[in-house]
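Visitor: Contents of protein-v7.cif (mmCIF, C-alpha atoms):
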data_coords
loop_
_atom_site.label_atom_id
_atom_site.label_comp_id
_atom_site.auth_asym_id
_atom_site.auth_seq_id
_atom_site.Cartn_x
_atom_site.Cartn_y
_atom_site.Cartn_z
CA MET A 28 28.69 -3.80 -41.12
CA SER A 29 26.51 -4.04 -44.18
CA PHE A 30 23.51 -4.09 -41.81
CA LEU A 31 24.21 -0.48 -40.84
CA HIS A 32 23.80 0.53 -44.45
CA TYR A 33 20.48 -1.24 -44.83
CA THR A 34 17.89 1.24 -46.08
CA PHE A 35 14.56 1.60 -44.28
CA LEU A 36 12.00 4.28 -45.20
CA GLY A 37 14.57 6.13 -47.25
CA ASN A 38 17.27 6.22 -44.55
CA GLN A 39 19.99 3.82 -43.50
CA VAL A 40 20.09 1.98 -40.17
CA TRP A 41 23.15 3.89 -38.93
CA GLN A 42 21.20 7.13 -39.32
CA TYR A 43 18.48 5.83 -37.01
CA GLY A 44 21.14 4.68 -34.56
CA ALA A 45 22.84 8.07 -34.59
CA PHE A 46 19.48 9.75 -34.03
CA PHE A 47 18.70 7.69 -30.92
CA LEU A 48 22.25 8.09 -29.60
CA ILE A 49 21.88 11.87 -29.83
CA LEU A 50 18.60 11.71 -27.88
CA LEU A 51 20.21 9.44 -25.29
CA GLY A 52 23.12 11.85 -24.93
CA ALA A 53 20.69 14.72 -24.38
CA GLY A 54 18.92 12.73 -21.65
CA ILE A 55 22.21 11.96 -19.90
CA ALA A 56 23.27 15.61 -20.15
CA HIS A 57 19.96 16.73 -18.66
CA TRP A 58 20.30 14.32 -15.75
CA ALA A 59 23.87 15.45 -15.06
CA LEU A 60 23.02 19.15 -15.25
CA ARG A 61 20.04 18.72 -12.94
CA ARG A 62 22.18 16.94 -10.37
CA LEU A 63 24.88 19.59 -10.64
CA TRP A 64 22.38 22.45 -10.31
CA GLY A 65 20.75 20.79 -7.31
CA MET A 66 24.13 20.35 -5.60
CA ILE A 67 25.00 24.00 -6.22
CA LEU A 68 21.72 25.20 -4.73
CA SER A 69 21.98 22.87 -1.73
CA ARG A 70 25.49 24.05 -0.88
CA ARG A 71 24.90 27.72 -1.57
CA PRO A 72 21.23 28.66 -1.13
CA LEU A 73 20.16 31.65 -3.20
CA GLY A 74 17.47 33.34 -1.15
CA GLU A 75 14.43 31.97 0.63
CA GLU A 76 12.60 28.70 0.08
CA ARG A 77 10.31 30.19 -2.58
CA VAL A 78 13.32 31.38 -4.61
CA GLN A 79 14.97 27.97 -4.25
CA ALA A 80 11.84 26.22 -5.49
CA ALA A 81 11.63 28.50 -8.52
CA LEU A 82 15.28 27.89 -9.39
CA LEU A 83 14.86 24.12 -9.10
CA SER A 84 11.75 24.28 -11.27
CA LEU A 85 13.74 26.21 -13.86
CA SER A 86 16.29 23.39 -14.05
CA ARG A 87 13.69 20.69 -14.66
CA ARG A 88 11.18 21.21 -17.44
CA PRO A 89 12.69 24.13 -19.39
CA LEU A 90 16.21 22.71 -19.38
CA GLY A 91 15.03 19.23 -20.24
CA VAL A 92 12.84 20.38 -23.11
CA VAL A 93 15.61 22.62 -24.48
CA LEU A 94 18.07 19.75 -24.56
CA PHE A 95 15.47 17.44 -26.07
CA LEU A 96 14.60 19.92 -28.84
CA LEU A 97 18.25 20.57 -29.62
CA ALA A 98 18.92 16.86 -29.75
CA LEU A 99 15.82 16.29 -31.87
CA TRP A 100 16.78 18.99 -34.34
CA GLY A 101 20.37 17.79 -34.48
CA GLY A 102 19.24 14.20 -34.89
CA LEU A 103 16.89 15.06 -37.72
CA GLN A 104 19.82 16.55 -39.63
CA VAL A 105 21.17 13.03 -39.92
CA PHE A 106 18.16 11.90 -41.94
CA THR A 107 17.51 12.52 -45.59
CA LEU A 108 14.14 14.30 -45.62
CA PRO A 109 12.08 16.03 -48.30
CA ALA A 110 12.35 19.81 -48.50
CA GLY A 111 8.71 20.25 -47.48
CA ALA A 112 9.16 18.13 -44.37
CA ILE A 113 12.27 20.07 -43.40
CA ALA A 114 10.42 23.39 -43.79
CA PHE A 115 7.51 22.13 -41.69
CA LEU A 116 9.80 20.79 -38.97
CA ARG A 117 11.78 24.03 -38.96
CA GLY A 118 8.60 26.05 -38.42
CA MET A 119 7.41 23.76 -35.65
CA PHE A 120 10.85 23.80 -34.06
CA LEU A 121 10.96 27.60 -34.06
CA ALA A 122 7.44 27.83 -32.64
CA VAL A 123 8.10 25.37 -29.84
CA THR A 124 11.48 26.94 -29.13
CA THR A 125 9.89 30.38 -28.88
CA PHE A 126 7.32 29.18 -26.37
CA LEU A 127 10.02 27.34 -24.49
CA VAL A 128 12.23 30.41 -24.26
CA VAL A 129 9.30 32.47 -23.02
CA TYR A 130 8.46 29.74 -20.51
CA ALA A 131 12.03 29.85 -19.23
CA LEU A 132 11.89 33.65 -19.06
CA SER A 133 8.60 33.37 -17.19
CA LYS A 134 10.26 31.08 -14.67
CA LEU A 135 13.16 33.51 -14.37
CA THR A 136 10.59 36.22 -13.74
CA ASP A 137 9.20 34.10 -10.90
CA VAL A 138 12.71 33.80 -9.47
CA LEU A 139 13.39 37.53 -9.67
CA PHE A 140 10.04 38.57 -8.23
CA ALA A 141 10.27 35.92 -5.51
CA TYR A 142 13.63 37.40 -4.54
CA TRP A 143 12.20 40.93 -4.56
CA ALA A 144 9.15 39.79 -2.60
CA ALA A 145 11.44 38.30 0.06
CA ARG A 146 13.27 41.62 0.32
CA ALA A 147 10.00 43.56 0.35
CA LYS A 148 8.85 41.69 3.45
CA ARG A 149 11.75 43.20 5.36
CA THR A 150 10.77 46.79 4.52
CA ALA A 151 8.50 48.95 6.65
CA THR A 152 6.03 49.81 3.90
CA LYS A 153 3.57 47.29 2.47
CA LEU A 154 3.23 49.05 -0.88
CA ASP A 155 5.97 46.94 -2.45
CA ASP A 156 4.26 43.78 -1.15
CA GLN A 157 1.20 44.76 -3.18
CA VAL A 158 2.99 46.03 -6.30
CA ILE A 159 5.37 43.08 -6.83
CA PRO A 160 2.67 40.41 -7.51
CA ILE A 161 0.93 42.76 -9.95
CA LEU A 162 4.16 43.56 -11.78
CA SER A 163 4.93 39.85 -11.98
CA LYS A 164 1.58 39.11 -13.65
CA VAL A 165 1.92 42.04 -16.07
CA THR A 166 5.47 41.03 -17.03
CA LYS A 167 4.51 37.43 -17.74
CA ALA A 168 1.45 38.50 -19.72
CA PHE A 169 3.67 40.75 -21.84
CA LEU A 170 6.18 37.94 -22.43
CA TRP A 171 3.48 35.51 -23.57
CA GLY A 172 1.95 38.15 -25.81
CA VAL A 173 5.30 38.67 -27.52
CA ALA A 174 5.68 34.88 -27.84
CA VAL A 175 2.35 34.57 -29.63
CA LEU A 176 3.31 37.30 -32.10
CA LEU A 177 6.69 35.69 -32.80
CA VAL A 178 5.13 32.29 -33.39
CA LEU A 179 2.56 33.75 -35.76
CA GLN A 180 5.31 35.52 -37.65
CA ASN A 181 7.36 32.31 -37.93
CA LEU A 182 4.30 30.48 -39.23
CA GLY A 183 4.00 32.98 -42.06
CA TYR A 184 1.30 35.32 -40.79
CA ASN A 185 1.59 39.07 -41.34
CA VAL A 186 1.94 40.38 -37.81
CA SER A 187 1.73 44.01 -38.92
CA SER A 188 -1.70 43.39 -40.44
CA LEU A 189 -2.81 41.65 -37.27
CA LEU A 190 -1.69 44.59 -35.14
CA ALA A 191 -3.50 46.98 -37.47
CA GLY A 192 -6.60 44.85 -37.14
CA LEU A 193 -6.27 45.02 -33.38
CA GLY A 194 -6.18 48.79 -33.66
CA ILE A 195 -9.43 48.78 -35.62
CA GLY A 196 -11.04 46.36 -33.21
CA GLY A 197 -9.68 48.13 -30.18
CA LEU A 198 -12.85 50.15 -29.74
CA ALA A 199 -15.00 47.04 -29.72
CA ILE A 200 -12.66 45.34 -27.26
CA ALA A 201 -12.69 48.41 -25.02
CA LEU A 202 -16.49 48.51 -25.04
CA ALA A 203 -16.67 44.81 -24.22
CA ALA A 204 -14.06 45.11 -21.47
CA GLN A 205 -15.26 48.27 -19.74
CA GLU A 206 -15.66 46.54 -16.41
CA THR A 207 -12.23 44.91 -16.65
CA LEU A 208 -10.62 48.24 -17.50
CA SER A 209 -12.43 49.98 -14.66
CA ASN A 210 -11.20 47.29 -12.27
CA PHE A 211 -7.63 47.80 -13.51
CA ILE A 212 -7.94 51.57 -13.04
CA GLY A 213 -9.33 50.86 -9.59
CA THR A 214 -6.22 48.79 -8.88
CA LEU A 215 -4.00 51.73 -9.81
CA ALA A 216 -6.09 54.01 -7.60
CA LEU A 217 -5.73 51.63 -4.65
CA LEU A 218 -1.97 51.41 -5.13
CA VAL A 219 -1.53 55.17 -5.39
CA ASP A 220 -4.01 56.28 -2.73
CA ARG A 221 -3.38 53.28 -0.42
CA PRO A 222 -6.59 53.33 1.65
CA CYS A 223 -5.61 49.84 2.79
CA GLU A 224 -2.69 47.46 2.52
CA VAL A 225 -2.13 43.73 2.73
CA GLY A 226 -2.68 42.63 6.32
CA ASP A 227 -5.00 45.53 7.25
CA ARG A 228 -8.40 44.87 8.76
CA VAL A 229 -11.01 46.89 6.89
CA GLN A 230 -14.74 47.50 7.04
CA PHE A 231 -16.92 48.76 4.22
CA GLU A 232 -20.54 48.10 3.37
CA ASP A 233 -21.21 44.56 4.67
CA VAL A 234 -17.58 43.33 4.46
CA ASP A 235 -15.38 43.07 7.55
CA GLY A 236 -12.06 41.27 7.35
CA THR A 237 -8.33 41.29 6.62
CA VAL A 238 -6.89 42.19 3.21
CA GLU A 239 -5.00 39.18 1.84
CA ALA A 240 -4.09 40.33 -1.67
CA VAL A 241 -4.67 43.16 -4.12
CA GLY A 242 -4.88 41.75 -7.65
CA LEU A 243 -5.33 43.23 -11.10
CA ARG A 244 -9.10 42.72 -11.00
CA SER A 245 -10.13 42.32 -7.39
CA THR A 246 -9.05 42.48 -3.77
CA ARG A 247 -9.29 39.35 -1.63
CA ILE A 248 -10.50 39.88 1.94
CA ARG A 249 -10.54 37.17 4.60
CA THR A 250 -13.63 37.79 6.74
CA LEU A 251 -13.84 37.17 10.47
CA ASP A 252 -15.82 34.00 9.69
CA GLY A 253 -12.84 32.65 7.73
CA THR A 254 -14.38 32.96 4.27
CA VAL A 255 -12.68 34.82 1.40
CA VAL A 256 -14.53 37.64 -0.34
CA SER A 257 -13.31 38.94 -3.71
CA VAL A 258 -14.28 42.57 -4.15
CA PRO A 259 -13.85 44.23 -7.59
CA ASN A 260 -11.26 46.98 -7.34
CA ARG A 261 -13.57 49.53 -8.98
CA LEU A 262 -15.88 49.11 -5.97
CA MET A 263 -12.97 49.26 -3.53
CA ALA A 264 -11.69 52.47 -5.13
CA ASN A 265 -15.10 54.17 -4.80
CA ALA A 266 -16.08 52.75 -1.41
CA LYS A 267 -15.90 54.44 1.97
CA ILE A 268 -13.32 52.18 3.64
CA ASN A 269 -12.94 52.11 7.40
CA ASN A 270 -9.37 50.94 7.96
CA ILE A 271 -9.41 49.44 11.45
CA ALA A 272 -5.69 48.66 11.33
CA LYS A 273 -4.75 52.33 11.01
CA ARG A 274 -6.27 53.41 14.31
CA PRO A 275 -3.62 54.19 16.95
CA THR A 276 -5.81 53.00 19.83
CA ILE A 277 -9.12 51.29 20.54
CA LYS A 278 -11.63 53.37 22.46
CA ASN A 279 -13.71 51.53 25.04
CA MET A 280 -16.50 53.53 26.68
CA TYR A 281 -18.82 52.14 29.34
CA THR A 282 -20.70 53.06 32.51
CA VAL A 283 -20.08 51.64 35.97
CA GLY A 284 -23.21 51.86 38.11
CA ILE A 285 -23.11 51.57 41.90
CA VAL A 286 -26.05 51.44 44.29
CA TYR A 287 -27.70 54.60 45.65
CA ASP A 288 -26.95 53.55 49.23
CA THR A 289 -23.23 54.09 48.60
CA PRO A 290 -21.84 56.74 50.98
CA TYR A 291 -20.01 59.78 49.67
CA GLU A 292 -16.63 58.44 50.81
CA LYS A 293 -17.21 55.08 49.09
CA LEU A 294 -18.17 56.87 45.88
CA GLN A 295 -14.89 58.75 45.98
CA GLU A 296 -13.07 55.48 46.66
CA ALA A 297 -14.77 53.88 43.65
CA LEU A 298 -13.51 56.72 41.44
CA ARG A 299 -10.02 56.31 42.87
CA ILE A 300 -10.03 52.53 42.29
CA LEU A 301 -11.11 52.90 38.68
CA ARG A 302 -8.42 55.49 37.99
CA GLU A 303 -5.71 53.41 39.67
CA VAL A 304 -6.64 50.24 37.79
CA LEU A 305 -6.67 51.97 34.41
CA ALA A 306 -3.50 53.98 35.07
CA GLY A 307 -1.61 50.89 36.21
CA HIS A 308 -2.46 48.64 33.26
CA PRO A 309 0.18 48.48 30.48
CA SER A 310 -2.44 48.70 27.73
CA THR A 311 -3.62 52.17 28.76
CA ASP A 312 -2.83 55.05 26.44
CA ASN A 313 -5.29 57.46 28.08
CA TYR A 314 -8.41 57.31 30.23
CA TRP A 315 -11.27 59.38 31.64
CA VAL A 316 -13.15 58.49 34.83
CA TYR A 317 -15.91 60.84 36.07
CA PHE A 318 -19.03 60.63 38.21
CA LYS A 319 -21.43 61.54 35.44
CA GLU A 320 -25.04 61.31 36.60
CA PHE A 321 -27.70 60.05 38.94
CA GLY A 322 -29.30 57.26 36.97
CA PRO A 323 -32.76 55.73 37.41
CA TYR A 324 -31.41 53.04 39.74
CA SER A 325 -27.67 53.73 40.11
CA LEU A 326 -24.94 56.30 40.55
CA ASN A 327 -23.32 56.26 37.12
CA ILE A 328 -19.57 56.63 36.62
CA LEU A 329 -18.47 57.25 33.03
CA VAL A 330 -15.31 55.35 32.03
CA ILE A 331 -13.49 55.93 28.73
CA HIS A 332 -10.37 53.85 28.14
CA TRP A 333 -8.07 54.20 25.13
CA CYS A 334 -6.22 50.90 24.68
CA LYS A 335 -2.83 50.82 22.94
CA TYR A 336 -3.40 47.27 21.68
CA THR A 337 -4.99 47.57 18.24
CA ALA A 338 -5.14 43.82 17.67
CA TYR A 339 -8.68 42.98 18.71
CA GLN A 340 -7.84 39.81 20.61
CA LYS A 341 -5.17 41.58 22.67
CA PHE A 342 -7.65 44.38 23.32
CA LEU A 343 -10.17 41.85 24.66
CA GLU A 344 -7.52 40.27 26.87
CA ALA A 345 -6.56 43.66 28.31
CA THR A 346 -10.22 44.56 28.88
CA GLU A 347 -10.79 41.28 30.70
CA GLU A 348 -7.81 41.89 33.00
CA ILE A 349 -9.03 45.41 33.80
CA ASN A 350 -12.59 44.26 34.51
CA LEU A 351 -11.45 41.45 36.79
CA GLU A 352 -9.22 43.83 38.73
CA ILE A 353 -12.07 46.34 39.13
CA LYS A 354 -14.35 43.55 40.37
CA ARG A 355 -11.75 42.39 42.91
CA ARG A 356 -11.01 45.89 44.22
CA PHE A 357 -14.71 46.77 44.54
CA GLU A 358 -15.40 43.59 46.52
CA GLU A 359 -12.50 44.34 48.88
CA ALA A 360 -13.77 47.89 49.39
CA GLY A 361 -17.37 46.78 49.92
CA ILE A 362 -18.67 48.72 46.93
CA GLU A 363 -21.75 47.18 45.32
CA PHE A 364 -22.62 47.26 41.64
CA ALA A 365 -26.15 48.37 40.89
CA PHE A 366 -28.65 46.40 38.89
CA PRO A 367 -32.09 47.43 37.60
CA THR A 368 -34.53 47.72 40.52
CA GLN A 369 -37.94 49.27 41.09
CA THR A 370 -39.57 50.49 44.28
CA ILE A 371 -43.38 50.33 44.04
CA GLN A 372 -45.51 52.22 46.55
CA VAL A 373 -49.16 51.15 46.67
CA GLN A 374 -51.58 53.58 48.34
CA GLY A 375 -54.84 52.63 49.96
CA LEU A 376 -53.78 49.32 51.48
CA PRO A 377 -53.88 48.88 55.27
CA PRO A 378 -50.57 48.47 57.07
CA LEU A 379 -49.25 44.96 57.53
CA GLY A 380 -50.77 43.12 60.51
CA LYS A 381 -54.15 44.88 60.29
CA SER A 382 -57.25 43.54 58.59
#
Translate the structure described by the file into structure tokens.

Guide:
Amino acid sequence: MSFLHYTFLGNQVWQYGAFFLILLGAGIAHWALRRLWGMILSRRPLGEERVQAALLSLSRRPLGVVLFLLALWGGLQVFTLPAGAIAFLRGMFLAVTTFLVVYALSKLTDVLFAYWAARAKRTATKLDDQVIPILSKVTKAFLWGVAVLLVLQNLGYNVSSLLAGLGIGGLAIALAAQETLSNFIGTLALLVDRPCEVGDRVQFEDVDGTVEAVGLRSTRIRTLDGTVVSVPNRLMANAKINNIAKRPTIKNMYTVGIVYDTPYEKLQEALRILREVLAGHPSTDNYWVYFKEFGPYSLNILVIHWCKYTAYQKFLEATEEINLEIKRRFEEAGIEFAFPTQTIQVQGLPPLGKS
């Protein structure tokens, strides 16, 4: 056993052995706790898949690093170290531990906000769907800011002086970050006024698409071409936004022209067919059908149809069904659609058959 008391670099062999045994024990404890936590989550799921993933992530890196740091600090107590080295290691340990705790709290924040986001999806309003991601980012930014201040304080810096310096430099920061601040104020305006929500199709200026997310700085819009446009929130807050998703119906106005040779009775039948087709289709919210005018080459019937389907693809499908039914009914009734024609009368030519 004299080998265990052999001195190497100022410490005996048994001290090195105890140090590595402590680290090994921490590794085994981490493995066992991970397995146990995974079994608990698999048998009793806590929320949706996103919440499960966040909880599993919390049990991996943060837990493992915590156990490793505790084992490392406990193992170092076995050694005989100079006072300066102990002070340095204590400062580093506190700094890393602070960041680790904040990292764990950040992961817990992800879990909580993922749970709230899952509940928000089941509510009628979309305001909470927009607010929750923003609150999550603000909360995590606050946590990391506090972590930085705590680490600086543990390293011996005067945090009060730093905060005072930030107060003096606040004006310069504000001047340099005017656009960022205006975007943040624009975000608040969008959340309060709610001209659009996530999932709404909007049009403004040259942008036409669906709102995917409202962030702290910008709003992401998926255009009809499939590309993503990021619009600064200060522009969104000041823009004239046409919210297509908020319309209760889609108005479709067009003219049906029939030939001038159509008898009076057939014209009345054409009006009746159009009214019957529109009234009988499930997409119809309201309609107008009137013989409006004598056109240059056709008898023009004005048709205005208000469709209940606000999704554009469903609106197109309903319009196609209506048009096909009108075409079929007109053919059965012998009613002809007009097309542009011209009748030209030339004077001064002899009748046909004479030279």

Visitor: Can you tell me which residues surround stretch 309-311 of chain A at a distance of at most 9 Å, considering all atoms listed in the file, apart from same-chain residues fewer than 6 positions away, and format the answer as a PyMOL selection string?

Guide: chain A and resi 332-336+342+345-346

Visitor: With distances taken over only C-alpha atoms, which of A:Ile271, A:Leu294, A:Ile353, A:Ile248 is nearest to A:Gly307?

Guide: A:Ile353

Visitor: Starting from the point (-21.6, 48.1, 39.8), work out which residues of protein, DNA or RNA have an atom no more than 12 Å away when counting only C-alpha atoms; state them as a PyMOL selection string.

Guide: chain A and resi 281-287+289+294+297-298+301+324-329+350+353-358+361-367

Visitor: Considering only C-alpha atoms, state which residue in the set A:Tyr130, A:Leu351, A:Lys267, A:Asn279 is at the smallest distance from A:Val304.

Guide: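 Nearest to A:Val304: A:Leu351.
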
Visitor: Take the point (-11.8, 54.4, -1.9) as written in the file and pick out every residue within 8 Å of it, counting all atoms listed in the file; give the list as a short mmCIF file (atom, residue, chain, number, x, y, z; two decimals) with C-alpha atoms, in the coordinates of the input.

Guide:
data_model
loop_
_atom_site.label_atom_id
_atom_site.label_comp_id
_atom_site.auth_asym_id
_atom_site.auth_seq_id
_atom_site.Cartn_x
_atom_site.Cartn_y
_atom_site.Cartn_z
CA LEU A 217 -5.73 51.63 -4.65
CA PRO A 222 -6.59 53.33 1.65
CA LEU A 262 -15.88 49.11 -5.97
CA MET A 263 -12.97 49.26 -3.53
CA ALA A 264 -11.69 52.47 -5.13
CA ASN A 265 -15.10 54.17 -4.80
CA ALA A 266 -16.08 52.75 -1.41
CA LYS A 267 -15.90 54.44 1.97
CA ILE A 268 -13.32 52.18 3.64
#

Visitor: Which residues, written as a PDB file with C-alpha atoms, in the frame of the given file, have at least one atom at most 10 Å from A:Val241, with only C-alpha atoms counted and residues fewer than 2 positions away on the same chain left out?

Guide:
ATOM      1  CA  ASP A 156       4.260  43.780  -1.150  1.00  0.00           C
ATOM      2  CA  GLN A 157       1.200  44.760  -3.180  1.00  0.00           C
ATOM      3  CA  VAL A 158       2.990  46.030  -6.300  1.00  0.00           C
ATOM      4  CA  PRO A 160       2.670  40.410  -7.510  1.00  0.00           C
ATOM      5  CA  ILE A 161       0.930  42.760  -9.950  1.00  0.00           C
ATOM      6  CA  THR A 214      -6.220  48.790  -8.880  1.00  0.00           C
ATOM      7  CA  LEU A 217      -5.730  51.630  -4.650  1.00  0.00           C
ATOM      8  CA  LEU A 218      -1.970  51.410  -5.130  1.00  0.00           C
ATOM      9  CA  CYS A 223      -5.610  49.840   2.790  1.00  0.00           C
ATOM     10  CA  GLU A 224      -2.690  47.460   2.520  1.00  0.00           C
ATOM     11  CA  VAL A 225      -2.130  43.730   2.730  1.00  0.00           C
ATOM     12  CA  VAL A 238      -6.890  42.190   3.210  1.00  0.00           C
ATOM     13  CA  GLU A 239      -5.000  39.180   1.840  1.00  0.00           C
ATOM     14  CA  LEU A 243      -5.330  43.230 -11.100  1.00  0.00           C
ATOM     15  CA  ARG A 244      -9.100  42.720 -11.000  1.00  0.00           C
ATOM     16  CA  SER A 245     -10.130  42.320  -7.390  1.00  0.00           C
ATOM     17  CA  THR A 246      -9.050  42.480  -3.770  1.00  0.00           C
ATOM     18  CA  ARG A 247      -9.290  39.350  -1.630  1.00  0.00           C
ATOM     19  CA  ILE A 248     -10.500  39.880   1.940  1.00  0.00           C
ATOM     20  CA  SER A 257     -13.310  38.940  -3.710  1.00  0.00           C
ATOM     21  CA  VAL A 258     -14.280  42.570  -4.150  1.00  0.00           C
ATOM     22  CA  PRO A 259     -13.850  44.230  -7.590  1.00  0.00           C
ATOM     23  CA  ASN A 260     -11.260  46.980  -7.340  1.00  0.00           C
TER      24      ASN A 260
END

Visitor: I'd like the interatomic distance between atom CA of A:Pro275 and atom CA of A:Glu303, to a tenth of an Å.

Guide: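 Value for the atom CA of A:Pro275-atom CA of A:Glu303 distance: 22.8 Å.
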
Visitor: Please report the interatomic distance between atom CA of A:Val316 and atom CA of A:Glu344 in Å with one decimal.

Guide: 20.7 Å

Visitor: Do you have the atom CA of A:Asn313-atom CA of A:Arg228 distance handy?

Guide: 23.3 Å

Visitor: Which one is closest to A:Gly322: A:Thr166, A:Gln180, A:Thr136, A:Thr368? Count all atoms listed in the file.

Guide: A:Thr368
